$ cat start_7.cif   # mmCIF, C-alpha atoms and all ligand atoms
data_start
#
loop_
_atom_site.group_PDB
_atom_site.id
_atom_site.type_symbol
_atom_site.label_atom_id
_atom_site.label_comp_id
_atom_site.auth_asym_id
_atom_site.auth_seq_id
_atom_site.Cartn_x
_atom_site.Cartn_y
_atom_site.Cartn_z
ATOM 1 C CA MET A 1 -61.093 22.103 195.808
ATOM 2 C CA ALA A 2 -59.312 19.598 193.540
ATOM 3 C CA THR A 3 -55.767 20.831 192.984
ATOM 4 C CA GLU A 4 -56.041 20.673 189.179
ATOM 5 C CA THR A 5 -58.842 23.235 189.303
ATOM 6 C CA ILE A 6 -56.786 25.843 191.192
ATOM 7 C CA PRO A 7 -55.573 28.415 188.646
ATOM 8 C CA GLY A 8 -51.793 28.755 188.676
ATOM 9 C CA TYR A 9 -51.190 25.922 191.130
ATOM 10 C CA ASP A 10 -48.288 24.207 189.383
ATOM 11 C CA PHE A 11 -47.095 21.653 191.912
ATOM 12 C CA GLY A 12 -45.340 18.870 189.993
ATOM 13 C CA ALA A 13 -45.585 20.643 186.620
ATOM 14 C CA PRO A 14 -42.909 19.296 184.262
ATOM 15 C CA ASP A 15 -41.668 22.741 183.190
ATOM 16 C CA LEU A 16 -40.881 23.971 186.718
ATOM 17 C CA GLN A 17 -37.286 24.994 187.398
ATOM 18 C CA ARG A 18 -35.354 22.586 189.570
ATOM 19 C CA SER A 19 -34.721 24.028 193.009
ATOM 20 C CA PRO A 20 -31.145 25.260 193.509
ATOM 21 C CA VAL A 21 -31.451 23.857 197.057
ATOM 22 C CA SER A 22 -30.176 20.300 197.308
ATOM 23 C CA PRO A 23 -31.995 17.607 199.308
ATOM 24 C CA GLU A 24 -28.914 17.547 201.552
ATOM 25 C CA ASP A 25 -29.237 21.299 202.268
ATOM 26 C CA LEU A 26 -32.910 20.727 203.041
ATOM 27 C CA ARG A 27 -32.050 17.960 205.531
ATOM 28 C CA LEU A 28 -29.458 20.227 207.200
ATOM 29 C CA LEU A 29 -32.063 22.984 207.516
ATOM 30 C CA GLU A 30 -34.461 20.479 209.084
ATOM 31 C CA ARG A 31 -31.741 19.434 211.540
ATOM 32 C CA THR A 32 -31.102 23.102 212.339
ATOM 33 C CA LEU A 33 -34.793 23.458 213.162
ATOM 34 C CA LEU A 34 -34.581 20.379 215.413
ATOM 35 C CA TRP A 35 -37.103 18.685 213.142
ATOM 36 C CA SER A 36 -38.205 15.309 214.457
ATOM 37 C CA GLU A 37 -40.524 12.465 213.513
ATOM 38 C CA GLU A 38 -42.899 13.885 216.122
ATOM 39 C CA ASP A 39 -43.150 17.052 214.044
ATOM 40 C CA ASP A 40 -44.192 15.013 210.997
ATOM 41 C CA ARG A 41 -46.737 13.145 213.106
ATOM 42 C CA TYR A 42 -48.121 16.406 214.469
ATOM 43 C CA LEU A 43 -48.359 17.928 210.990
ATOM 44 C CA ARG A 44 -50.461 14.954 209.906
ATOM 45 C CA MET A 45 -52.635 15.518 212.976
ATOM 46 C CA ALA A 46 -52.893 19.213 212.043
ATOM 47 C CA ALA A 47 -54.037 18.196 208.562
ATOM 48 C CA GLU A 48 -57.042 16.409 210.105
ATOM 49 C CA VAL A 49 -57.734 19.228 212.541
ATOM 50 C CA LEU A 50 -57.576 21.930 209.868
ATOM 51 C CA ASP A 51 -59.780 19.988 207.469
ATOM 52 C CA GLY A 52 -62.905 22.141 207.058
ATOM 53 C CA GLN A 53 -61.285 25.173 208.716
ATOM 54 C CA VAL A 54 -58.891 26.356 205.990
ATOM 55 C CA ASP A 55 -61.354 28.889 204.633
ATOM 56 C CA GLN A 56 -61.661 30.519 208.052
ATOM 57 C CA VAL A 57 -57.865 30.574 208.392
ATOM 58 C CA LEU A 58 -57.666 32.368 205.050
ATOM 59 C CA ASP A 59 -60.415 34.812 206.070
ATOM 60 C CA LEU A 60 -58.331 35.775 209.077
ATOM 61 C CA TRP A 61 -55.059 36.133 207.134
ATOM 62 C CA TYR A 62 -56.744 38.141 204.395
ATOM 63 C CA ASP A 63 -58.347 40.477 206.949
ATOM 64 C CA TYR A 64 -54.922 40.990 208.475
ATOM 65 C CA VAL A 65 -53.373 41.864 205.090
ATOM 66 C CA ALA A 66 -56.338 44.005 204.032
ATOM 67 C CA SER A 67 -56.183 46.024 207.238
ATOM 68 C CA HIS A 68 -52.531 47.002 206.640
ATOM 69 C CA GLU A 69 -52.053 49.400 203.768
ATOM 70 C CA HIS A 70 -48.314 48.676 203.588
ATOM 71 C CA LEU A 71 -49.086 44.964 202.998
ATOM 72 C CA VAL A 72 -52.164 45.063 200.780
ATOM 73 C CA ARG A 73 -50.237 47.234 198.331
ATOM 74 C CA TYR A 74 -48.473 44.075 197.089
ATOM 75 C CA PHE A 75 -51.858 42.985 195.712
ATOM 76 C CA ALA A 76 -52.644 46.415 194.254
ATOM 77 C CA GLY A 77 -52.543 47.747 190.714
ATOM 78 C CA PRO A 78 -50.954 50.963 189.452
ATOM 79 C CA ASP A 79 -53.973 52.914 190.786
ATOM 80 C CA GLY A 80 -53.196 51.668 194.299
ATOM 81 C CA GLN A 81 -56.430 49.659 194.501
ATOM 82 C CA PRO A 82 -56.276 45.953 195.435
ATOM 83 C CA ILE A 83 -56.905 43.724 192.405
ATOM 84 C CA GLY A 84 -59.830 41.506 193.412
ATOM 85 C CA SER A 85 -59.130 38.697 190.960
ATOM 86 C CA TYR A 86 -55.462 38.578 192.035
ATOM 87 C CA LEU A 87 -56.399 38.302 195.720
ATOM 88 C CA GLU A 88 -58.930 35.613 194.921
ATOM 89 C CA ARG A 89 -56.643 33.454 192.777
ATOM 90 C CA VAL A 90 -53.768 33.674 195.246
ATOM 91 C CA ARG A 91 -56.164 32.827 198.067
ATOM 92 C CA ALA A 92 -57.026 29.469 196.490
ATOM 93 C CA ARG A 93 -53.326 28.600 196.140
ATOM 94 C CA PHE A 94 -52.635 29.812 199.669
ATOM 95 C CA ALA A 95 -55.356 27.483 200.977
ATOM 96 C CA GLN A 96 -53.790 24.604 199.056
ATOM 97 C CA TRP A 97 -50.404 25.525 200.541
ATOM 98 C CA VAL A 98 -51.837 25.047 204.057
ATOM 99 C CA ARG A 99 -52.922 21.538 203.077
ATOM 100 C CA ASP A 100 -49.572 20.864 201.402
ATOM 101 C CA VAL A 101 -47.580 21.993 204.449
ATOM 102 C CA CYS A 102 -49.385 19.351 206.484
ATOM 103 C CA ARG A 103 -49.567 16.530 203.955
ATOM 104 C CA ARG A 104 -46.888 16.664 201.261
ATOM 105 C CA PRO A 105 -43.673 14.704 201.610
ATOM 106 C CA ARG A 106 -40.686 17.064 201.367
ATOM 107 C CA ASP A 107 -39.236 15.418 198.258
ATOM 108 C CA GLN A 108 -37.781 16.858 195.033
ATOM 109 C CA ALA A 109 -41.191 17.860 193.618
ATOM 110 C CA TRP A 110 -41.942 19.681 196.874
ATOM 111 C CA LEU A 111 -38.540 21.386 196.828
ATOM 112 C CA ASP A 112 -39.052 22.492 193.230
ATOM 113 C CA TYR A 113 -42.445 24.014 194.027
ATOM 114 C CA GLN A 114 -40.966 25.881 197.000
ATOM 115 C CA HIS A 115 -38.535 27.456 194.564
ATOM 116 C CA GLU A 116 -41.423 28.390 192.287
ATOM 117 C CA ILE A 117 -43.324 30.014 195.189
ATOM 118 C CA ALA A 118 -40.140 31.838 196.186
ATOM 119 C CA LEU A 119 -39.749 33.219 192.655
ATOM 120 C CA ARG A 120 -43.410 34.258 192.633
ATOM 121 C CA HIS A 121 -42.698 36.600 195.533
ATOM 122 C CA THR A 122 -39.742 38.197 193.687
ATOM 123 C CA SER A 123 -39.399 40.287 190.550
ATOM 124 C CA ALA A 124 -38.444 37.080 188.688
ATOM 125 C CA LYS A 125 -42.051 35.874 188.624
ATOM 126 C CA LYS A 126 -44.425 37.972 190.752
ATOM 127 C CA ASN A 127 -47.660 38.879 188.897
ATOM 128 C CA ARG A 128 -46.982 36.542 185.961
ATOM 129 C CA THR A 129 -49.053 33.575 187.063
ATOM 130 C CA ASP A 130 -52.178 35.699 187.350
ATOM 131 C CA GLY A 131 -51.370 38.120 184.517
ATOM 132 C CA VAL A 132 -51.649 41.215 186.701
ATOM 133 C CA GLU A 133 -49.888 44.548 186.818
ATOM 134 C CA SER A 134 -48.915 44.957 190.447
ATOM 135 C CA VAL A 135 -45.899 45.843 192.583
ATOM 136 C CA PRO A 136 -42.942 43.804 191.236
ATOM 137 C CA GLU A 137 -41.649 42.236 194.450
ATOM 138 C CA VAL A 138 -42.566 41.445 198.044
ATOM 139 C CA PRO A 139 -39.680 42.738 200.191
ATOM 140 C CA LEU A 140 -37.638 40.088 201.961
ATOM 141 C CA ARG A 141 -38.138 41.715 205.374
ATOM 142 C CA TYR A 142 -41.902 41.169 205.179
ATOM 143 C CA MET A 143 -41.427 37.534 204.179
ATOM 144 C CA VAL A 144 -39.546 37.001 207.443
ATOM 145 C CA ALA A 145 -41.916 39.145 209.532
ATOM 146 C CA PHE A 146 -44.937 37.174 208.279
ATOM 147 C CA ILE A 147 -43.697 34.104 210.141
ATOM 148 C CA PHE A 148 -45.174 35.479 213.356
ATOM 149 C CA PRO A 149 -48.761 36.216 212.250
ATOM 150 C CA ILE A 150 -48.943 33.043 210.151
ATOM 151 C CA THR A 151 -47.906 31.060 213.213
ATOM 152 C CA ALA A 152 -49.627 32.872 216.074
ATOM 153 C CA THR A 153 -53.024 32.970 214.384
ATOM 154 C CA MET A 154 -52.983 29.225 213.715
ATOM 155 C CA ARG A 155 -53.187 28.179 217.350
ATOM 156 C CA ARG A 156 -56.909 28.803 217.804
ATOM 157 C CA PHE A 157 -57.691 26.638 214.766
ATOM 158 C CA LEU A 158 -55.448 23.828 216.011
ATOM 159 C CA ALA A 159 -57.250 23.992 219.362
ATOM 160 C CA ALA A 160 -60.753 24.112 217.851
ATOM 161 C CA ARG A 161 -61.384 20.351 217.687
ATOM 162 C CA GLY A 162 -60.993 19.570 221.377
ATOM 163 C CA HIS A 163 -57.430 18.157 221.425
ATOM 164 C CA GLY A 164 -55.510 18.275 224.702
ATOM 165 C CA GLN A 165 -52.893 20.900 225.506
ATOM 166 C CA ALA A 166 -49.937 18.625 224.625
ATOM 167 C CA ASP A 167 -51.340 17.842 221.169
ATOM 168 C CA VAL A 168 -52.183 21.473 220.453
ATOM 169 C CA ASP A 169 -48.667 22.497 221.533
ATOM 170 C CA GLY A 170 -47.156 19.746 219.385
ATOM 171 C CA MET A 171 -49.160 20.736 216.302
ATOM 172 C CA HIS A 172 -48.407 24.403 216.839
ATOM 173 C CA THR A 173 -44.660 23.811 217.236
ATOM 174 C CA ALA A 174 -44.597 21.642 214.102
ATOM 175 C CA TRP A 175 -46.508 24.318 212.184
ATOM 176 C CA PHE A 176 -44.088 27.003 213.401
ATOM 177 C CA LYS A 177 -41.066 24.951 212.307
ATOM 178 C CA ALA A 178 -42.698 24.247 208.942
ATOM 179 C CA VAL A 179 -43.382 27.951 208.270
ATOM 180 C CA VAL A 180 -39.791 28.849 209.184
ATOM 181 C CA LEU A 181 -38.528 26.073 206.892
ATOM 182 C CA HIS A 182 -40.592 27.414 203.991
ATOM 183 C CA VAL A 183 -39.422 30.979 204.513
ATOM 184 C CA CYS A 184 -35.783 29.817 204.709
ATOM 185 C CA LEU A 185 -36.233 28.196 201.289
ATOM 186 C CA TRP A 186 -38.166 31.190 199.911
ATOM 187 C CA CYS A 187 -35.261 33.491 200.910
ATOM 188 C CA GLN A 188 -32.995 31.731 198.426
ATOM 189 C CA PRO A 189 -33.695 33.845 195.295
ATOM 190 C CA TYR A 190 -33.453 37.045 197.355
ATOM 191 C CA ALA A 191 -30.010 36.123 198.657
ATOM 192 C CA ALA A 192 -28.702 33.826 195.867
ATOM 193 C CA GLY A 193 -24.938 33.411 196.434
ATOM 194 C CA ARG A 194 -25.193 34.420 200.082
ATOM 195 C CA TRP A 195 -28.063 32.045 200.822
HETATM 196 C C1 LIG A 201 -44.615 33.489 205.938
HETATM 197 C C2 LIG A 201 -44.673 34.257 204.844
HETATM 198 C C3 LIG A 201 -45.577 34.003 203.669
HETATM 199 C C4 LIG A 201 -46.276 32.869 203.329
HETATM 200 C C5 LIG A 201 -46.415 31.567 204.091
HETATM 201 C C6 LIG A 201 -46.881 33.132 202.042
HETATM 202 C C7 LIG A 201 -47.625 32.216 201.317
HETATM 203 C C8 LIG A 201 -47.974 32.396 199.996
HETATM 204 C C9 LIG A 201 -48.501 31.381 199.127
HETATM 205 C C10 LIG A 201 -48.757 29.944 199.570
HETATM 206 C C11 LIG A 201 -48.697 31.920 197.913
HETATM 207 C C12 LIG A 201 -49.239 31.224 196.653
HETATM 208 C C13 LIG A 201 -48.149 30.348 196.078
HETATM 209 C C14 LIG A 201 -48.548 29.711 194.753
HETATM 210 O O1 LIG A 201 -48.590 30.419 193.739
HETATM 211 O O2 LIG A 201 -48.828 28.480 194.751
HETATM 212 C C15 LIG A 201 -48.314 33.303 197.997
HETATM 213 C C16 LIG A 201 -48.380 34.220 196.978
HETATM 214 C C17 LIG A 201 -48.290 35.579 197.189
HETATM 215 N N1 LIG A 201 -47.970 36.191 198.368
HETATM 216 FE FE1 LIG A 201 -47.194 35.301 199.974
HETATM 217 N N2 LIG A 201 -46.587 34.408 201.672
HETATM 218 C C18 LIG A 201 -45.823 34.970 202.638
HETATM 219 C C19 LIG A 201 -45.396 36.281 202.654
HETATM 220 C C20 LIG A 201 -45.974 37.271 201.909
HETATM 221 C C21 LIG A 201 -45.926 38.691 202.189
HETATM 222 C C22 LIG A 201 -45.180 39.354 203.359
HETATM 223 C C23 LIG A 201 -46.629 39.314 201.215
HETATM 224 C C24 LIG A 201 -46.899 40.792 201.077
HETATM 225 C C25 LIG A 201 -47.936 41.312 201.614
HETATM 226 C C26 LIG A 201 -47.109 38.272 200.319
HETATM 227 C C27 LIG A 201 -47.828 38.501 199.170
HETATM 228 C C28 LIG A 201 -48.067 37.551 198.201
HETATM 229 C C29 LIG A 201 -48.447 37.830 196.834
HETATM 230 C C30 LIG A 201 -48.670 39.210 196.218
HETATM 231 C C31 LIG A 201 -48.578 36.590 196.193
HETATM 232 C C32 LIG A 201 -48.894 36.342 194.743
HETATM 233 C C33 LIG A 201 -47.555 36.221 193.997
HETATM 234 C C34 LIG A 201 -47.729 36.030 192.486
HETATM 235 O O3 LIG A 201 -47.892 37.059 191.775
HETATM 236 O O4 LIG A 201 -47.714 34.878 192.015
HETATM 237 N N3 LIG A 201 -46.710 37.064 200.768
HETATM 238 N N4 LIG A 201 -47.884 33.557 199.272
#
$ encode --input "start_7.cif" --output "structure tokens" --more "lines below"
Ligand code: HEM
Amino acid sequence: MATETIPGYDFGAPDLQRSPVSPEDLRLLERTLLWSEEDDRYLRMAAEVLDGQVDQVLDLWYDYVASHEHLVRYFAGPDGQPIGSYLERVRARFAQWVRDVCRRPRDQAWLDYQHEIALRHTSAKKNRTDGVESVPEVPLRYMVAFIFPITATMRRFLAARGHGQADVDGMHTAWFKAVVLHVCLWCQPYAAGRW
């Protein structure tokens, strides 16, 4: 899907808030994660491998959320029922995020959109993009806990195109580091001064 046709996908939009995280802080986080040029190379490889599989990845993640009442409630309305249009619109942006993780340079525009995604999980901005009445905030503890399923489930897709063990391991490690990096940045509005 062309990015301009994804409702609410505002990467690079001129009215986005500037991230409170400096490029220097980002580089220090990358160093903390032992980020290397290999990781960038493997993410580009993952981009190729995941091409044509992103929908299946999203099917799996959505089944996982849907099968846990304590998670799907963050997509539910006041009647406790999941809001179909909300799930659908977020799904398209989530799919684009997978592509962005693998392909986007981590520059200022990227940093600013990470801040926007962070805010969209908190009471500052959740529900606004899609004009829904749902639970006001995703709790921080679930943001952190999600790192495991979002990482573990990816392996089978990275292995699905016949790459050798070393390449699959490399792509999987790079993906793991990338998810942790995102969640570190997305913690910022939850922790503000203590971030
Ligand atoms: C590793 C952790 C997580 C990742 C990678 C992730 C990824 C994403 C992405 C890419 C988006 C769309 C961003 C955009 O608007 O462009 C999103 C939105 C959303 N996510 Fe997460 N998410 C995580 C944790 C969670 C958890 C634990 C929940 C709760 C079940 C959750 C619920 C939501 C909801 C409700 C939205 C829509 C927010 C809005 O109203 O704009 N997410 N997430």
$ resolve_selection --input "start_7.cif" --expression "the PyMOL selection byres (((not hetatm)) within 6 of (chain A and resi 201))" --output "list of chain:residue names"
A:Tyr9, A:Leu71, A:Val72, A:Tyr74, A:Phe75, A:Val90, A:Arg93, A:Phe94, A:Trp97, A:Ile117, A:Arg120, A:His121, A:Lys126, A:Asn127, A:Arg128, A:Thr129, A:Val138, A:Tyr142, A:Met143, A:Phe146, A:Ile147, A:Val183
$ closest_residue --input "start_7.cif" --among "A:Phe11, A:Phe148, A:Trp175, A:Trp110" --to "Met45 (chain A)" --atoms "all atoms listed in the file"
A:Trp175
$ closest_residue --input "start_7.cif" --among "A:Ser36, A:Gln188, A:Thr173, A:Gln81" --to "Thr122 (chain A)" --atoms "all atoms listed in the file"
A:Gln188
$ atom_distance --input "start_7.cif" --atom1 "CA of Glu37 (chain A)" --atom2 "CA of Leu111 (chain A)"
19.0 Å
$ resolve_selection --input "start_7.cif" --expression "the PyMOL selection byres (((chain A and resi 77) around 12) and not hetatm)" --output "list in words"
Val72, Arg73, Tyr74, Phe75, Ala76, Pro78, Asp79, Gly80, Gln81, Pro82, Ile83, Gly84, Ser85, Tyr86, Leu87, Asn127, Gly131, Val132, Glu133, Ser134, Val135 and Pro136 of chain A
$ atom_distance --input "start_7.cif" --atom1 "CA of Gly12 (chain A)" --atom2 "CA of Asp40 (chain A)"
21.4 Å
$ residues_around --input "start_7.cif" --residues "Leu26 (chain A)" --least-positions-apart "3" --cutoff "12 Å" --atoms "all atoms listed in the file" --output "short mmCIF file (atom, residue, chain, number, x, y, z; two decimals) with C-alpha atoms, in the coordinates of the input"
data_model
loop_
_atom_site.label_atom_id
_atom_site.label_comp_id
_atom_site.auth_asym_id
_atom_site.auth_seq_id
_atom_site.Cartn_x
_atom_site.Cartn_y
_atom_site.Cartn_z
CA SER A 19 -34.72 24.03 193.01
CA PRO A 20 -31.14 25.26 193.51
CA VAL A 21 -31.45 23.86 197.06
CA SER A 22 -30.18 20.30 197.31
CA PRO A 23 -32.00 17.61 199.31
CA LEU A 29 -32.06 22.98 207.52
CA GLU A 30 -34.46 20.48 209.08
CA ARG A 31 -31.74 19.43 211.54
CA THR A 32 -31.10 23.10 212.34
CA LEU A 33 -34.79 23.46 213.16
CA TRP A 35 -37.10 18.68 213.14
CA ARG A 106 -40.69 17.06 201.37
CA ASP A 107 -39.24 15.42 198.26
CA GLN A 108 -37.78 16.86 195.03
CA TRP A 110 -41.94 19.68 196.87
CA LEU A 111 -38.54 21.39 196.83
CA ASP A 112 -39.05 22.49 193.23
CA GLN A 114 -40.97 25.88 197.00
CA ALA A 178 -42.70 24.25 208.94
CA LEU A 181 -38.53 26.07 206.89
CA HIS A 182 -40.59 27.41 203.99
CA CYS A 184 -35.78 29.82 204.71
CA LEU A 185 -36.23 28.20 201.29
CA GLN A 188 -32.99 31.73 198.43
#
$ closest_residue --input "start_7.cif" --among "A:Arg27, A:Tyr64, A:Gln17, A:Gly8" --to "Tyr113 (chain A)" --atoms "all atoms listed in the file"
A:Gln17
$ residues_around --input "start_7.cif" --residues "Arg161 (chain A)" --least-positions-apart "4" --cutoff "9 Å" --atoms "only C-alpha atoms" --output "PDB file with C-alpha atoms, in the frame of the given file"
ATOM      1  CA  VAL A  49     -57.734  19.228 212.541  1.00  0.00           C
ATOM      2  CA  LEU A  50     -57.576  21.930 209.868  1.00  0.00           C
ATOM      3  CA  PHE A 157     -57.691  26.638 214.766  1.00  0.00           C
TER       4      PHE A 157
END
$ closest_residue --input "start_7.cif" --among "A:Asp100, A:Val179, A:Gly162, A:Pro189" --to "Glu137 (chain A)" --atoms "all atoms listed in the file"
A:Pro189
$ resolve_selection --input "start_7.cif" --expression "the PyMOL selection byres (((chain A and resi 103) around 8) and not hetatm)" --output "mmCIF file with C-alpha atoms, in the frame of the given file"
data_model
loop_
_atom_site.group_PDB
_atom_site.id
_atom_site.type_symbol
_atom_site.label_atom_id
_atom_site.label_comp_id
_atom_site.auth_asym_id
_atom_site.auth_seq_id
_atom_site.Cartn_x
_atom_site.Cartn_y
_atom_site.Cartn_z
ATOM 1 C CA LEU A 43 -48.359 17.928 210.990
ATOM 2 C CA ARG A 44 -50.461 14.954 209.906
ATOM 3 C CA ALA A 47 -54.037 18.196 208.562
ATOM 4 C CA ARG A 99 -52.922 21.538 203.077
ATOM 5 C CA ASP A 100 -49.572 20.864 201.402
ATOM 6 C CA VAL A 101 -47.580 21.993 204.449
ATOM 7 C CA CYS A 102 -49.385 19.351 206.484
ATOM 8 C CA ARG A 104 -46.888 16.664 201.261
ATOM 9 C CA PRO A 105 -43.673 14.704 201.610
#
$ atom_distance --input "start_7.cif" --atom1 "CA of Ala95 (chain A)" --atom2 "CA of Glu4 (chain A)"
13.6 Å
$ decode --input "start_7.cif" --residues "region 112-136 of chain A" --atoms "N, CA and C atoms" --output "short mmCIF file (atom, residue, chain, number, x, y, z; two decimals), in the first residue's frame"
data_model
loop_
_atom_site.label_atom_id
_atom_site.label_comp_id
_atom_site.auth_asym_id
_atom_site.auth_seq_id
_atom_site.Cartn_x
_atom_site.Cartn_y
_atom_site.Cartn_z
N ASP A 112 11.19 11.83 15.07
CA ASP A 112 9.95 12.57 15.35
C ASP A 112 8.73 11.65 15.23
N TYR A 113 8.75 10.74 14.26
CA TYR A 113 7.59 9.85 14.15
C TYR A 113 7.57 8.81 15.28
N GLN A 114 8.73 8.46 15.79
CA GLN A 114 8.73 7.55 16.96
C GLN A 114 8.06 8.24 18.15
N HIS A 115 8.30 9.53 18.27
CA HIS A 115 7.66 10.27 19.36
C HIS A 115 6.14 10.30 19.17
N GLU A 116 5.74 10.49 17.92
CA GLU A 116 4.30 10.50 17.61
C GLU A 116 3.68 9.13 17.95
N ILE A 117 4.32 8.05 17.56
CA ILE A 117 3.79 6.71 17.87
C ILE A 117 3.74 6.51 19.38
N ALA A 118 4.78 6.98 20.06
CA ALA A 118 4.80 6.87 21.53
C ALA A 118 3.57 7.57 22.10
N LEU A 119 3.34 8.81 21.67
CA LEU A 119 2.20 9.58 22.19
C LEU A 119 0.88 8.88 21.88
N ARG A 120 0.82 8.22 20.74
CA ARG A 120 -0.43 7.54 20.33
C ARG A 120 -0.74 6.34 21.22
N HIS A 121 0.24 5.87 21.97
CA HIS A 121 -0.04 4.80 22.93
C HIS A 121 -0.44 5.35 24.30
N THR A 122 -0.25 6.66 24.50
CA THR A 122 -0.53 7.27 25.81
C THR A 122 -1.79 8.13 25.75
N SER A 123 -2.20 8.60 26.92
CA SER A 123 -3.41 9.42 26.99
C SER A 123 -3.24 10.76 26.26
N ALA A 124 -2.00 11.12 25.90
CA ALA A 124 -1.80 12.36 25.14
C ALA A 124 -2.47 12.28 23.77
N LYS A 125 -2.45 11.11 23.15
CA LYS A 125 -2.93 11.04 21.76
C LYS A 125 -3.67 9.77 21.38
N LYS A 126 -3.75 8.76 22.30
CA LYS A 126 -4.42 7.52 21.89
C LYS A 126 -5.85 7.85 21.46
N ASN A 127 -6.33 7.17 20.45
CA ASN A 127 -7.71 7.25 19.94
C ASN A 127 -7.98 8.42 19.00
N ARG A 128 -7.11 9.46 19.07
CA ARG A 128 -7.39 10.68 18.32
C ARG A 128 -7.28 10.49 16.82
N THR A 129 -6.22 9.79 16.42
CA THR A 129 -5.93 9.65 14.99
C THR A 129 -7.10 8.98 14.27
N ASP A 130 -7.75 8.04 14.95
CA ASP A 130 -8.82 7.29 14.31
C ASP A 130 -10.20 7.73 14.80
N GLY A 131 -10.24 8.76 15.64
CA GLY A 131 -11.52 9.32 16.10
C GLY A 131 -12.39 8.29 16.81
N VAL A 132 -11.77 7.51 17.69
CA VAL A 132 -12.53 6.47 18.40
C VAL A 132 -12.62 6.79 19.89
N GLU A 133 -13.61 6.13 20.51
CA GLU A 133 -13.74 6.24 21.96
C GLU A 133 -13.32 4.90 22.54
N SER A 134 -12.07 4.84 22.97
CA SER A 134 -11.55 3.58 23.52
C SER A 134 -10.79 3.89 24.80
N VAL A 135 -10.19 2.86 25.37
CA VAL A 135 -9.40 3.00 26.60
C VAL A 135 -8.33 4.07 26.35
N PRO A 136 -8.09 4.97 27.32
CA PRO A 136 -7.23 6.13 27.05
C PRO A 136 -5.73 5.84 26.90
#
